[in-house]
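A.B. asks: This is the structure I have questions about; it appears just below.
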Amino acid sequence: MTPDPISKIEMTPDPNHRLAVLISGRGTNLQSLIDATRDTRLDATIAVVISNRADAGGLERARRAGIETLVLDHRGWPSREDYDRAIVRELQARDVRLICLAGFMRRFSDVMLEAFPNAILNIHPSLLPAFPGLHPHQQALEHGVKVSGVTVHLVTSDLDAGPIIVQRSVPVHADDTPDTLAARILVEEHKAYPEAVSIVLAGGWRVDGRRFVRSTTDAGV
Ligand code: GRF
């Protein structure tokens, strides 16, 4: 497999740490990012929060934090590409450099991926590559794994398959339900996302094939 040329580019620190967070729901991960920007964990500004749903609870969290919100309902555009073009326009207008998907329930076309190469992050509540897609907690329980967790990764055109930036694990208990497992993982999500964003913003990393490699630590985490 020939790696994409972009993957050879060494990412350097970008002093303009303007983020967008994209949501569709309650926004607890958005909240963890807001909280991290308010203490020393994350040196960044959340320039805008975008939701494809007007009823997303996370919009209120953003408003309370004084962050601009935007509702772009995907049903208002004729195609995925048109919708993505609208999002790209809004992000570029605000000079956003990094996009964090936090429970955003839409897949992107190449329009978005090409406008922001290696600059879109997603959080998924399983230890990828195990249990991508919908209902990861249910999938984990049905499979009988003893450990699960969270993955923050770069977004590529393959669902939940981009280079892994951070993972954190939790035990799976014999009497877990999808809800109890989700709650245990969520605690780790709220640590993992600010950590991953901070790593990406610090620069000094590259994508090597499917691996996210930090050259500064050479630890490959
Ligand atoms: C989280 O479990 C996240 O990993 C997944 O969607 C959920 C969003 O939760 N992608 P919240 O809206 O951040 O509370």
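In the structure tokens, each chain is lettered A, B, ... as it comes, each chain's residues begin at 1, and ligands are numbered from 1 in order of appearance.
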Run DSSP on the backbone and grab whatever in segment 16-130 of chain A lands in strand (DSSP E); send it over as a list in words.
C.D. replies: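 Answer for segment 16-130 of chain A, restricted to strand (DSSP E): Arg18, Leu19, Ala20, Val21, Leu22, Ile23, Thr45, Ile46, Ala47, Val48, Val49, Ile50, Ser51, Thr69, Leu70, Val71, Leu98, Ile99, Cys100, Leu101, Ile120, Leu121, Asn122, Ile123 and His124 of chain A.
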A.B. asks: I'd like the neighbourhood of Ser109 of chain A as a PDB file with N, CA and C atoms, in the first residue's frame, where a residue qualifies if any of its atoms comes within 12 Å (using only C-alpha atoms), though same-chain residues fewer than 4 positions away should be ignored.
C.D. replies:
ATOM      1  N   SER A  79     -26.802  17.044  -0.911  1.00  0.00           N
ATOM      2  CA  SER A  79     -25.870  15.909  -0.929  1.00  0.00           C
ATOM      3  C   SER A  79     -24.888  16.043   0.227  1.00  0.00           C
ATOM      4  N   ARG A  80     -24.215  14.946   0.516  1.00  0.00           N
ATOM      5  CA  ARG A  80     -23.190  14.943   1.566  1.00  0.00           C
ATOM      6  C   ARG A  80     -22.099  15.964   1.243  1.00  0.00           C
ATOM      7  N   GLU A  81     -21.726  16.020  -0.048  1.00  0.00           N
ATOM      8  CA  GLU A  81     -20.669  16.958  -0.468  1.00  0.00           C
ATOM      9  C   GLU A  81     -21.102  18.406  -0.241  1.00  0.00           C
ATOM     10  N   ASP A  82     -22.344  18.712  -0.579  1.00  0.00           N
ATOM     11  CA  ASP A  82     -22.831  20.089  -0.380  1.00  0.00           C
ATOM     12  C   ASP A  82     -22.832  20.451   1.097  1.00  0.00           C
ATOM     13  N   TYR A  83     -23.255  19.508   1.911  1.00  0.00           N
ATOM     14  CA  TYR A  83     -23.266  19.754   3.359  1.00  0.00           C
ATOM     15  C   TYR A  83     -21.838  19.990   3.859  1.00  0.00           C
ATOM     16  N   ASP A  84     -20.923  19.152   3.411  1.00  0.00           N
ATOM     17  CA  ASP A  84     -19.524  19.295   3.840  1.00  0.00           C
ATOM     18  C   ASP A  84     -18.953  20.639   3.389  1.00  0.00           C
ATOM     19  N   ARG A  85     -19.307  21.056   2.167  1.00  0.00           N
ATOM     20  CA  ARG A  85     -18.812  22.353   1.673  1.00  0.00           C
ATOM     21  C   ARG A  85     -19.292  23.483   2.578  1.00  0.00           C
ATOM     22  N   ILE A  87     -19.967  23.254   5.781  1.00  0.00           N
ATOM     23  CA  ILE A  87     -19.181  23.192   7.034  1.00  0.00           C
ATOM     24  C   ILE A  87     -17.782  23.763   6.803  1.00  0.00           C
ATOM     25  N   VAL A  88     -17.160  23.377   5.709  1.00  0.00           N
ATOM     26  CA  VAL A  88     -15.804  23.867   5.412  1.00  0.00           C
ATOM     27  C   VAL A  88     -15.810  25.395   5.352  1.00  0.00           C
ATOM     28  N   LEU A 113     -12.492  15.979   4.155  1.00  0.00           N
ATOM     29  CA  LEU A 113     -11.199  15.356   4.457  1.00  0.00           C
ATOM     30  C   LEU A 113     -10.060  16.053   3.700  1.00  0.00           C
ATOM     31  N   GLU A 114     -10.347  16.498   2.485  1.00  0.00           N
ATOM     32  CA  GLU A 114      -9.305  17.174   1.704  1.00  0.00           C
ATOM     33  C   GLU A 114      -9.093  18.615   2.169  1.00  0.00           C
ATOM     34  N   ALA A 115     -10.123  19.232   2.705  1.00  0.00           N
ATOM     35  CA  ALA A 115      -9.970  20.610   3.198  1.00  0.00           C
ATOM     36  C   ALA A 115      -9.169  20.639   4.504  1.00  0.00           C
ATOM     37  N   PHE A 116      -9.251  19.557   5.270  1.00  0.00           N
ATOM     38  CA  PHE A 116      -8.562  19.509   6.568  1.00  0.00           C
ATOM     39  C   PHE A 116      -7.779  18.200   6.714  1.00  0.00           C
ATOM     40  N   VAL A 155      -9.253  11.218  11.620  1.00  0.00           N
ATOM     41  CA  VAL A 155     -10.330  10.744  10.752  1.00  0.00           C
ATOM     42  C   VAL A 155      -9.809  10.582   9.321  1.00  0.00           C
ATOM     43  N   THR A 156     -10.094   9.420   8.750  1.00  0.00           N
ATOM     44  CA  THR A 156      -9.805   9.153   7.342  1.00  0.00           C
ATOM     45  C   THR A 156     -11.117   8.719   6.682  1.00  0.00           C
ATOM     46  N   SER A 157     -11.035   8.351   5.427  1.00  0.00           N
ATOM     47  CA  SER A 157     -12.288   7.983   4.745  1.00  0.00           C
ATOM     48  C   SER A 157     -12.821   6.633   5.234  1.00  0.00           C
ATOM     49  N   ASP A 158     -11.996   5.850   5.916  1.00  0.00           N
ATOM     50  CA  ASP A 158     -12.488   4.568   6.456  1.00  0.00           C
ATOM     51  C   ASP A 158     -13.030   4.775   7.866  1.00  0.00           C
ATOM     52  N   LEU A 159     -14.220   4.292   8.104  1.00  0.00           N
ATOM     53  CA  LEU A 159     -14.909   4.539   9.380  1.00  0.00           C
ATOM     54  C   LEU A 159     -14.103   4.013  10.573  1.00  0.00           C
TER      55      LEU A 159
END
A.B. asks: Suppose you want the space between atom CA of Asn52 of chain A and atom 2 (O, counted along the ligand's line) of ligand 1; what is it in Å?
C.D. replies: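 Taking atom CA of Asn52 of chain A as the start and atom 2 (O, counted along the ligand's line) of ligand 1 as the end point, the length is 17.0 Å.
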A.B. asks: Once you count only C-alpha atoms and all ligand atoms, what closest atom pair and distance in Å to one decimal does each residue of chain A within 6 Å of ligand 1 have, with rows by chain and rising residue number, as a tab-separated table?
C.D. replies:
residue	atom	partner	partner_atom_place_in_ligand_line	distance
A:Gly25	CA	ligand 1	12 (O)	4.6
A:Arg26	CA	ligand 1	12 (O)	4.1
A:Gly27	CA	ligand 1	12 (O)	3.5
A:Thr28	CA	ligand 1	14 (O)	3.6
A:Asn29	CA	ligand 1	13 (O)	3.6
A:Leu30	CA	ligand 1	13 (O)	5.8
A:Ala102	CA	ligand 1	13 (O)	5.2
A:Gly103	CA	ligand 1	6 (O)	3.6
A:Ile123	CA	ligand 1	4 (O)	4.7
A:His124	CA	ligand 1	4 (O)	4.0
A:Pro125	CA	ligand 1	4 (O)	4.4
A.B. asks: Next, the residues of the selection above should be written as a short mmCIF file (atom, residue, chain, number, x, y, z; two decimals), in the first residue's frame with N, CA and C atoms.
C.D. replies:
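Output file again_20.cif is given in full below:
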data_model
loop_
_atom_site.label_atom_id
_atom_site.label_comp_id
_atom_site.auth_asym_id
_atom_site.auth_seq_id
_atom_site.Cartn_x
_atom_site.Cartn_y
_atom_site.Cartn_z
N GLY A 25 -25.14 15.51 20.07
CA GLY A 25 -25.88 15.11 21.27
C GLY A 25 -25.56 15.90 22.52
N ARG A 26 -25.44 15.16 23.63
CA ARG A 26 -25.40 15.82 24.95
C ARG A 26 -24.12 16.60 25.21
N GLY A 27 -23.02 16.20 24.57
CA GLY A 27 -21.82 17.04 24.62
C GLY A 27 -20.97 16.95 25.88
N THR A 28 -20.89 15.76 26.50
CA THR A 28 -20.00 15.68 27.67
C THR A 28 -18.53 15.74 27.25
N ASN A 29 -18.21 15.22 26.07
CA ASN A 29 -16.83 15.35 25.60
C ASN A 29 -16.51 16.79 25.22
N LEU A 30 -17.47 17.47 24.63
CA LEU A 30 -17.30 18.90 24.40
C LEU A 30 -16.97 19.59 25.73
N ALA A 102 -17.12 15.09 18.38
CA ALA A 102 -17.44 14.62 19.73
C ALA A 102 -18.89 14.17 19.74
N GLY A 103 -19.09 12.93 19.29
CA GLY A 103 -20.45 12.43 19.19
C GLY A 103 -21.17 13.05 18.00
N ILE A 123 -13.49 10.68 18.54
CA ILE A 123 -13.40 9.84 19.74
C ILE A 123 -14.42 8.72 19.61
N HIS A 124 -13.95 7.49 19.92
CA HIS A 124 -14.82 6.32 19.76
C HIS A 124 -14.70 5.46 21.01
N PRO A 125 -15.84 5.04 21.57
CA PRO A 125 -15.78 4.32 22.84
C PRO A 125 -15.52 2.81 22.73
#
A.B. asks: Please give the complete set of residues from segment 1-219 of chain A that DSSP, run on the backbone, assigns to alpha helix (DSSP H), formatted as an MDAnalysis selection string.
C.D. replies: chainID A and resid 28:38 58:64 80:93 110:115 136:143 178:202
A.B. asks: I'd like to know which of A:Ala130, A:Ala93, A:Val48, A:Leu141 is closest to Leu19 of chain A, using only C-alpha atoms.
C.D. replies: A:Val48
A.B. asks: Would you compute the distance between atom CA of Leu201 of chain A and atom CA of Ala20 of chain A? Give it in Å to one decimal.
C.D. replies: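 Going from atom CA of Leu201 of chain A over to atom CA of Ala20 of chain A, I get 13.2 Å.
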A.B. asks: Identify, on the basis of only C-alpha atoms, every residue whose closest approach to Phe131 of chain A does not exceed 12 Å; exclude the query and any residue fewer than 3 positions from it along the same chain; express the result as a ChimeraX atom specification.
C.D. replies: /A:124-128,134-145,148-151,159-161
A.B. asks: For a quick check of understanding, using only C-alpha atoms, which of A:Thr45, A:Ser32, A:Asn118, A:Ser24 has the smallest distance to Leu70 of chain A?
C.D. replies: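 Once distances to Leu70 of chain A are computed over only C-alpha atoms, the minimum belongs to A:Ser24.
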A.B. asks: Set the distance at 12 Å and use only C-alpha atoms: which residues neighbour Gln31 of chain A once local chain neighbours fewer than 3 positions away are removed? I'd like the list as a PyMOL selection string.
C.D. replies: chain A and resi 21+23+25-28+34-38+46+49+57-65+67+102-103+189-191+193-194
A.B. asks: Looking at only C-alpha atoms, which of A:Val197, A:Leu181, A:Pro78, A:Ala56 is the one that sits closest to Arg18 of chain A?
C.D. replies: A:Val197
A.B. asks: Of the candidates A:Ser198, A:Asn122, A:His17, A:Val111, which shows the shortest atom-to-atom distance to Leu42 of chain A, using only C-alpha atoms?
C.D. replies: A:Ser198
A.B. asks: Check the smallest atom-to-atom distance from each of A:Val166, A:Ala182, A:Glu188, A:Pro171 to Val213 of chain A using only C-alpha atoms, then report the winner.
C.D. replies: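 Closest to Val213 of chain A of all the choices is A:Val166.
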A.B. asks: Mind checking which residues fall within 7 Å of Phe212 of chain A, counting only C-alpha atoms, ignoring those fewer than 6 positions away in the same chain, and posting them as a list in words?
C.D. replies: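 The residues satisfying every condition are Pro163, Ile164, Ile165, Arg206 and Gly220 of chain A.
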